[in-house]
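What's in final.tsv: TSV, C-alpha atoms
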```tsv
chain	number	residue	atom	x	y	z
A	1	MET	CA	-2.21	-15.98	-42.76
A	2	MET	CA	0.66	-14.82	-40.57
A	3	VAL	CA	0.72	-11.21	-39.42
A	4	LYS	CA	3.71	-9.58	-37.79
A	5	THR	CA	2.67	-7.48	-34.82
A	6	ARG	CA	4.98	-5.03	-33.08
A	7	LEU	CA	4.57	-4.01	-29.47
A	8	PHE	CA	5.94	-1.03	-27.61
A	9	ALA	CA	6.37	0.41	-24.13
A	10	SER	CA	4.09	-1.24	-21.53
A	11	PHE	CA	2.94	-3.93	-24.01
A	12	ARG	CA	6.51	-4.82	-25.01
A	13	GLU	CA	7.50	-5.15	-21.36
A	14	ALA	CA	4.41	-7.23	-20.51
A	15	ILE	CA	5.36	-9.99	-22.96
A	16	GLU	CA	9.12	-9.32	-22.95
A	17	SER	CA	9.19	-9.05	-26.73
A	18	GLY	CA	8.88	-6.23	-29.24
A	19	SER	CA	7.40	-8.36	-31.98
A	20	VAL	CA	5.23	-11.45	-32.37
A	21	THR	CA	3.88	-13.27	-35.41
A	22	LEU	CA	0.22	-14.26	-35.13
A	23	GLU	CA	-1.87	-16.58	-37.24
A	24	VAL	CA	-5.30	-15.25	-38.22
A	25	GLY	CA	-7.81	-16.19	-40.89
A	26	PRO	CA	-7.58	-14.57	-44.33
A	27	GLY	CA	-9.02	-11.06	-44.28
A	28	ALA	CA	-9.20	-10.98	-40.49
A	29	SER	CA	-10.00	-7.64	-38.90
A	30	VAL	CA	-7.87	-5.76	-36.42
A	31	ARG	CA	-10.45	-6.67	-33.77
A	32	GLU	CA	-9.96	-10.37	-34.51
A	33	LEU	CA	-6.19	-10.03	-34.38
A	34	LEU	CA	-6.43	-8.37	-30.96
A	35	ALA	CA	-8.54	-11.27	-29.71
A	36	VAL	CA	-5.86	-13.74	-30.86
A	37	LEU	CA	-3.20	-11.64	-29.21
A	38	ARG	CA	-5.10	-11.57	-25.92
A	39	ARG	CA	-5.68	-15.31	-26.07
A	40	ASP	CA	-2.02	-16.11	-26.78
A	41	TYR	CA	-0.57	-13.45	-24.46
A	42	PRO	CA	-2.94	-13.10	-21.50
A	43	ARG	CA	-0.32	-11.03	-19.69
A	44	LEU	CA	-1.23	-8.13	-21.96
A	45	GLY	CA	-4.47	-7.89	-20.02
A	46	PRO	CA	-7.55	-5.85	-20.82
A	47	THR	CA	-5.56	-2.68	-21.55
A	48	ILE	CA	-5.04	-3.77	-25.14
A	49	GLU	CA	-8.72	-3.05	-25.71
A	50	SER	CA	-7.88	0.63	-25.37
A	51	ALA	CA	-4.81	0.50	-27.59
A	52	MET	CA	-4.60	2.30	-30.89
A	53	VAL	CA	-3.58	0.12	-33.78
A	54	ALA	CA	-1.45	1.04	-36.77
A	55	VAL	CA	-1.19	-1.00	-39.94
A	56	ASN	CA	1.68	-0.27	-42.29
A	57	LEU	CA	2.47	2.91	-40.32
A	58	GLU	CA	-1.06	4.41	-40.37
A	59	TYR	CA	-3.65	4.44	-37.58
A	60	VAL	CA	-6.65	2.25	-38.38
A	61	GLY	CA	-9.94	1.35	-36.72
A	62	PRO	CA	-10.94	-2.06	-35.28
A	63	ASP	CA	-12.80	-3.09	-38.44
A	64	PHE	CA	-9.78	-2.61	-40.70
A	65	GLN	CA	-9.18	-5.73	-42.76
A	66	LEU	CA	-5.68	-7.17	-42.61
A	67	GLY	CA	-3.77	-8.59	-45.54
A	68	GLU	CA	-0.84	-10.93	-45.97
A	69	GLY	CA	2.42	-9.19	-45.14
A	70	ASP	CA	0.86	-6.29	-43.24
A	71	GLU	CA	2.83	-4.93	-40.32
A	72	VAL	CA	0.58	-4.28	-37.35
A	73	ALA	CA	1.67	-2.19	-34.37
A	74	LEU	CA	-0.05	-1.90	-31.03
A	75	ILE	CA	0.11	1.66	-29.79
A	76	PRO	CA	-0.32	1.65	-26.00
A	77	PRO	CA	-2.71	4.14	-24.48
A	78	VAL	CA	-1.05	7.34	-23.38
A	79	SER	CA	-1.32	6.28	-19.74
A	80	GLY	CA	0.28	2.84	-19.68
A	81	GLY	CA	-0.05	0.16	-17.07
A	82	VAL	CA	1.50	0.48	-13.65
A	83	LEU	CA	4.71	-1.51	-13.51
A	84	GLU	CA	5.69	-1.06	-9.89
B	1	VAL	CA	12.55	20.67	-43.51
B	2	SER	CA	14.21	18.01	-41.43
B	3	PHE	CA	13.02	15.61	-38.78
B	4	GLY	CA	14.17	12.52	-36.99
B	5	ILE	CA	14.44	10.26	-33.99
B	6	VAL	CA	17.84	10.50	-32.30
B	7	ASP	CA	19.50	8.63	-29.46
B	8	ARG	CA	21.90	11.37	-28.40
B	9	PRO	CA	21.48	14.84	-26.91
B	10	ILE	CA	19.68	17.22	-29.28
B	11	ASP	CA	21.83	20.12	-30.46
B	12	VAL	CA	19.20	22.87	-30.41
B	13	ARG	CA	21.55	25.58	-31.64
B	14	ALA	CA	22.36	23.43	-34.67
B	15	LEU	CA	18.63	23.04	-35.42
B	16	GLU	CA	18.17	26.80	-35.28
B	17	ALA	CA	21.12	27.34	-37.59
B	18	GLU	CA	19.72	24.74	-39.96
B	19	VAL	CA	16.32	26.41	-40.39
B	20	LEU	CA	17.50	30.01	-40.47
B	21	SER	CA	17.84	31.65	-43.88
B	22	GLU	CA	18.41	35.23	-45.01
B	23	TYR	CA	14.65	35.56	-45.57
B	24	ASP	CA	13.89	35.06	-41.88
B	25	GLY	CA	13.38	37.63	-39.18
B	26	ALA	CA	12.28	35.16	-36.52
B	27	VAL	CA	13.33	31.77	-35.20
B	28	CYS	CA	11.07	30.11	-32.66
B	29	THR	CA	12.35	27.06	-30.80
B	30	PHE	CA	10.48	24.77	-28.45
B	31	GLN	CA	12.19	22.24	-26.19
B	32	GLY	CA	10.45	19.65	-24.05
B	33	VAL	CA	12.68	19.01	-21.04
B	34	ALA	CA	12.86	16.22	-18.47
B	35	ARG	CA	11.79	17.67	-15.12
B	36	ARG	CA	12.49	16.49	-11.58
B	37	PHE	CA	8.95	16.37	-10.21
B	38	SER	CA	5.95	14.83	-11.89
B	39	ARG	CA	2.52	14.45	-10.25
B	40	GLY	CA	4.09	14.67	-6.80
B	41	ARG	CA	6.82	12.11	-7.37
B	42	GLU	CA	10.52	12.65	-7.73
B	43	VAL	CA	11.82	11.49	-11.09
B	44	VAL	CA	15.26	9.88	-11.28
B	45	HIS	CA	15.34	9.81	-15.05
B	46	LEU	CA	13.09	9.33	-18.07
B	47	GLU	CA	13.16	6.69	-20.76
B	48	TYR	CA	11.68	7.28	-24.20
B	49	GLU	CA	10.77	4.64	-26.73
B	50	ALA	CA	9.56	5.19	-30.29
B	51	TYR	CA	8.09	3.25	-33.17
B	52	PRO	CA	10.77	4.89	-35.27
B	53	GLU	CA	9.54	4.23	-38.81
B	54	MET	CA	6.05	5.48	-38.00
B	55	ALA	CA	7.28	8.34	-35.82
B	56	GLU	CA	9.38	9.69	-38.69
B	57	ARG	CA	6.48	9.35	-41.12
B	58	LYS	CA	4.20	11.25	-38.73
B	59	MET	CA	6.84	13.95	-38.27
B	60	ALA	CA	7.04	14.34	-42.06
B	61	GLU	CA	3.26	14.76	-42.14
B	62	ILE	CA	3.50	17.47	-39.48
B	63	ALA	CA	6.08	19.30	-41.57
B	64	ASP	CA	3.67	19.06	-44.53
B	65	GLU	CA	0.85	20.45	-42.38
B	66	VAL	CA	3.04	23.34	-41.22
B	67	ARG	CA	3.82	24.16	-44.84
B	68	ALA	CA	0.14	24.03	-45.83
B	69	ARG	CA	-1.19	26.01	-42.84
B	70	PHE	CA	1.50	28.60	-42.29
B	71	GLY	CA	3.39	28.69	-45.57
B	72	ILE	CA	6.54	27.83	-43.64
B	73	GLU	CA	9.14	25.54	-45.19
B	74	ARG	CA	11.86	25.95	-42.62
B	75	VAL	CA	11.07	23.63	-39.74
B	76	ALA	CA	13.24	21.09	-37.94
B	77	ILE	CA	11.91	18.45	-35.55
B	78	ARG	CA	13.92	16.03	-33.40
B	79	HIS	CA	12.78	13.61	-30.72
B	80	ARG	CA	15.22	11.79	-28.55
B	81	ILE	CA	14.83	8.21	-27.33
B	82	GLY	CA	16.63	6.26	-24.63
B	83	VAL	CA	17.53	7.39	-21.13
B	84	LEU	CA	17.30	11.12	-20.38
B	85	GLU	CA	18.62	12.81	-17.29
B	86	ILE	CA	16.78	15.68	-15.61
B	87	GLY	CA	17.21	18.90	-17.60
B	88	GLU	CA	17.85	17.21	-20.92
B	89	ALA	CA	15.62	17.91	-23.92
B	90	SER	CA	13.42	15.07	-25.14
B	91	VAL	CA	12.06	16.99	-28.09
B	92	ALA	CA	13.03	20.12	-29.97
B	93	ILE	CA	11.29	22.02	-32.74
B	94	ALA	CA	12.78	25.01	-34.54
B	95	VAL	CA	10.80	27.14	-36.98
B	96	ALA	CA	12.07	30.09	-38.98
B	97	SER	CA	9.90	32.62	-40.82
B	98	PRO	CA	10.07	36.24	-41.92
B	99	HIS	CA	7.92	37.38	-38.98
B	100	ARG	CA	7.45	36.20	-35.40
B	101	ARG	CA	3.70	35.65	-35.44
B	102	GLU	CA	3.81	32.73	-37.89
B	103	ALA	CA	6.95	31.33	-36.25
B	104	PHE	CA	5.25	31.13	-32.83
B	105	ALA	CA	2.03	29.72	-34.28
B	106	ALA	CA	3.76	27.10	-36.41
B	107	CYS	CA	6.04	25.99	-33.58
B	108	ARG	CA	3.11	25.57	-31.20
B	109	TYR	CA	1.10	23.74	-33.85
B	110	ALA	CA	3.99	21.36	-34.53
B	111	ILE	CA	4.52	20.34	-30.88
B	112	ASP	CA	0.77	19.94	-30.28
B	113	ARG	CA	0.45	17.69	-33.32
B	114	LEU	CA	3.55	15.74	-32.38
B	115	LYS	CA	2.00	14.85	-29.05
B	116	GLN	CA	-1.21	13.74	-30.77
B	117	THR	CA	0.10	11.64	-33.62
B	118	VAL	CA	3.73	10.61	-33.19
B	119	PRO	CA	4.09	7.16	-31.55
B	120	ILE	CA	6.58	7.84	-28.77
B	121	TRP	CA	6.25	6.73	-25.16
B	122	LYS	CA	7.75	8.05	-21.95
B	123	LYS	CA	8.58	6.07	-18.86
B	124	GLU	CA	9.10	7.85	-15.57
B	125	VAL	CA	11.62	6.10	-13.37
B	126	TRP	CA	11.38	6.94	-9.66
B	127	SER	CA	13.61	5.77	-6.83
B	128	ASP	CA	10.90	3.25	-5.84
B	129	GLY	CA	9.22	2.30	-9.10
B	130	GLU	CA	8.47	3.24	-12.66
B	131	GLN	CA	5.53	3.80	-14.97
B	132	TRP	CA	4.83	4.43	-18.64
B	133	VAL	CA	2.95	7.70	-18.78
B	134	GLY	CA	1.36	9.83	-21.44
B	135	TRP	CA	1.48	13.51	-22.01
B	136	GLU	CA	-0.27	14.61	-18.85
B	137	ASP	CA	-1.21	17.95	-20.39
B	138	GLU	CA	-2.87	16.16	-23.31
B	139	PRO	CA	-5.59	14.01	-21.74
B	140	SER	CA	-7.41	13.75	-25.04
B	141	SER	CA	-4.48	12.35	-27.00
B	142	ILE	CA	-6.09	9.00	-27.68
B	143	GLU	CA	-9.24	10.60	-28.99
B	144	SER	CA	-7.17	13.02	-31.05
B	145	ARG	CA	-5.26	10.15	-32.60
B	146	VAL	CA	-8.53	8.47	-33.53
B	147	ALA	CA	-9.90	11.68	-34.98
B	148	SER	CA	-6.67	12.21	-36.84
B	149	SER	CA	-6.68	8.75	-38.39
B	150	ASP	CA	-10.35	9.09	-39.32
B	151	GLY	CA	-9.62	12.41	-40.92
B	152	GLU	CA	-6.91	10.92	-43.07
B	153	ALA	CA	-8.97	7.93	-44.13
```

Take the structure from the file and write it as structure tokens.
Amino acid sequence: MMVKTRLFASFREAIESGSVTLEVGPGASVRELLAVLRRDYPRLGPTIESAMVAVNLEYVGPDFQLGEGDEVALIPPVSGGVLE
Amino acid sequence: VSFGIVDRPIDVRALEAEVLSEYDGAVCTFQGVARRFSRGREVVHLEYEAYPEMAERKMAEIADEVRARFGIERVAIRHRIGVLEIGEASVAIAVASPHRREAFAACRYAIDRLKQTVPIWKKEVWSDGEQWVGWEDEPSSIESRVASSDGEA
């Protein structure tokens, strides 16, 4: 299934896009989606491991199961990456 | 109750006028302001970015919490996004209540919760670089967000 994922702040700048659509297996977890994201966008780096994730505007944990049409958002850690 | 993400200067006096009713003896307003020096570096300006749909939902939840905890209905919350010059307000919260004690407590509660749950990011721009930073007075924000989401689950 395709899952729309929004990115903000340091993550948005790292991949120069505020939104990507990722393909994951049916019922994939947030953890699995993050792995796909890291594989497809290595520039995001290891900091995405510490990101909070929201699904349909609510914070969820890494085991949350995604469904078709969900909107995922990566919430960067409060101290974002150095961009100098 | 009103709340929102705005991309223009926040009119704090208008927020105060909005919340104030004839039942109120106190209005408490908090403003977060862009300051020149941060962690030893000179800031040229700040940039704020929000996840607007979620930020407004989280602000609405804060207003609900203020009503439940303090019995206060008259609260206004605004957060600005975009480029802010030094001295400009990034966030403003106005609370009106019959007495000052609840107004102070509710206003403080609202800004503390905003920093924990509302998805808004700040970038400091210096003359020689820039960095996305968190609320430096809230080192536990990530943990608080987790706790908050667990609590709501």

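Ranking B:Val1, B:Cys28, B:Ile81, B:Ala94 by their shortest atom-to-atom distance to B:Ala55, with all atoms listed in the file included, puts B:Ile81 first.
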
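For the choices A:Lys4, A:Leu33, A:Arg12, A:Asp40, the atom-to-atom distance to chain B is smallest for A:Arg12 when using only C-alpha atoms.
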
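Between atom CA of B:Ala68 and atom CA of B:Arg108 there is a distance of 15.0 Å.
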
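Nearest to chain A of all the residues B:Asp24, B:Glu56, B:Glu18, B:Asp7 is B:Glu56, based on only C-alpha atoms.
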
| message | Excluding B:Val91 and its own-chain neighbours fewer than 3 positions away, which residues fall within 8 Å of it when counting only C-alpha atoms? Please give them as a ChimeraX atom specification. | response | /B:10,30-33,77-80

| Near-B:Leu114 list (9 Å; only C-alpha atoms; drop same-chain fewer than 5 positions) as a PyMOL selection string | chain B and resi 55+58-59+62+109+119

I need the residues from that last selection saved to file as a PDB file, keeping the file's coordinate frame (with C-alpha atoms), if you can.
```pdb
ATOM      1  CA  ALA B  55       7.280   8.340 -35.820  1.00  0.00           C
ATOM      2  CA  LYS B  58       4.200  11.250 -38.730  1.00  0.00           C
ATOM      3  CA  MET B  59       6.840  13.950 -38.270  1.00  0.00           C
ATOM      4  CA  ILE B  62       3.500  17.470 -39.480  1.00  0.00           C
ATOM      5  CA  TYR B 109       1.100  23.740 -33.850  1.00  0.00           C
ATOM      6  CA  PRO B 119       4.090   7.160 -31.550  1.00  0.00           C
TER       7      PRO B 119
END
```

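Pairwise distance (atom CA of A:Ser17, atom CA of B:Ile86) equals 28.2 Å.
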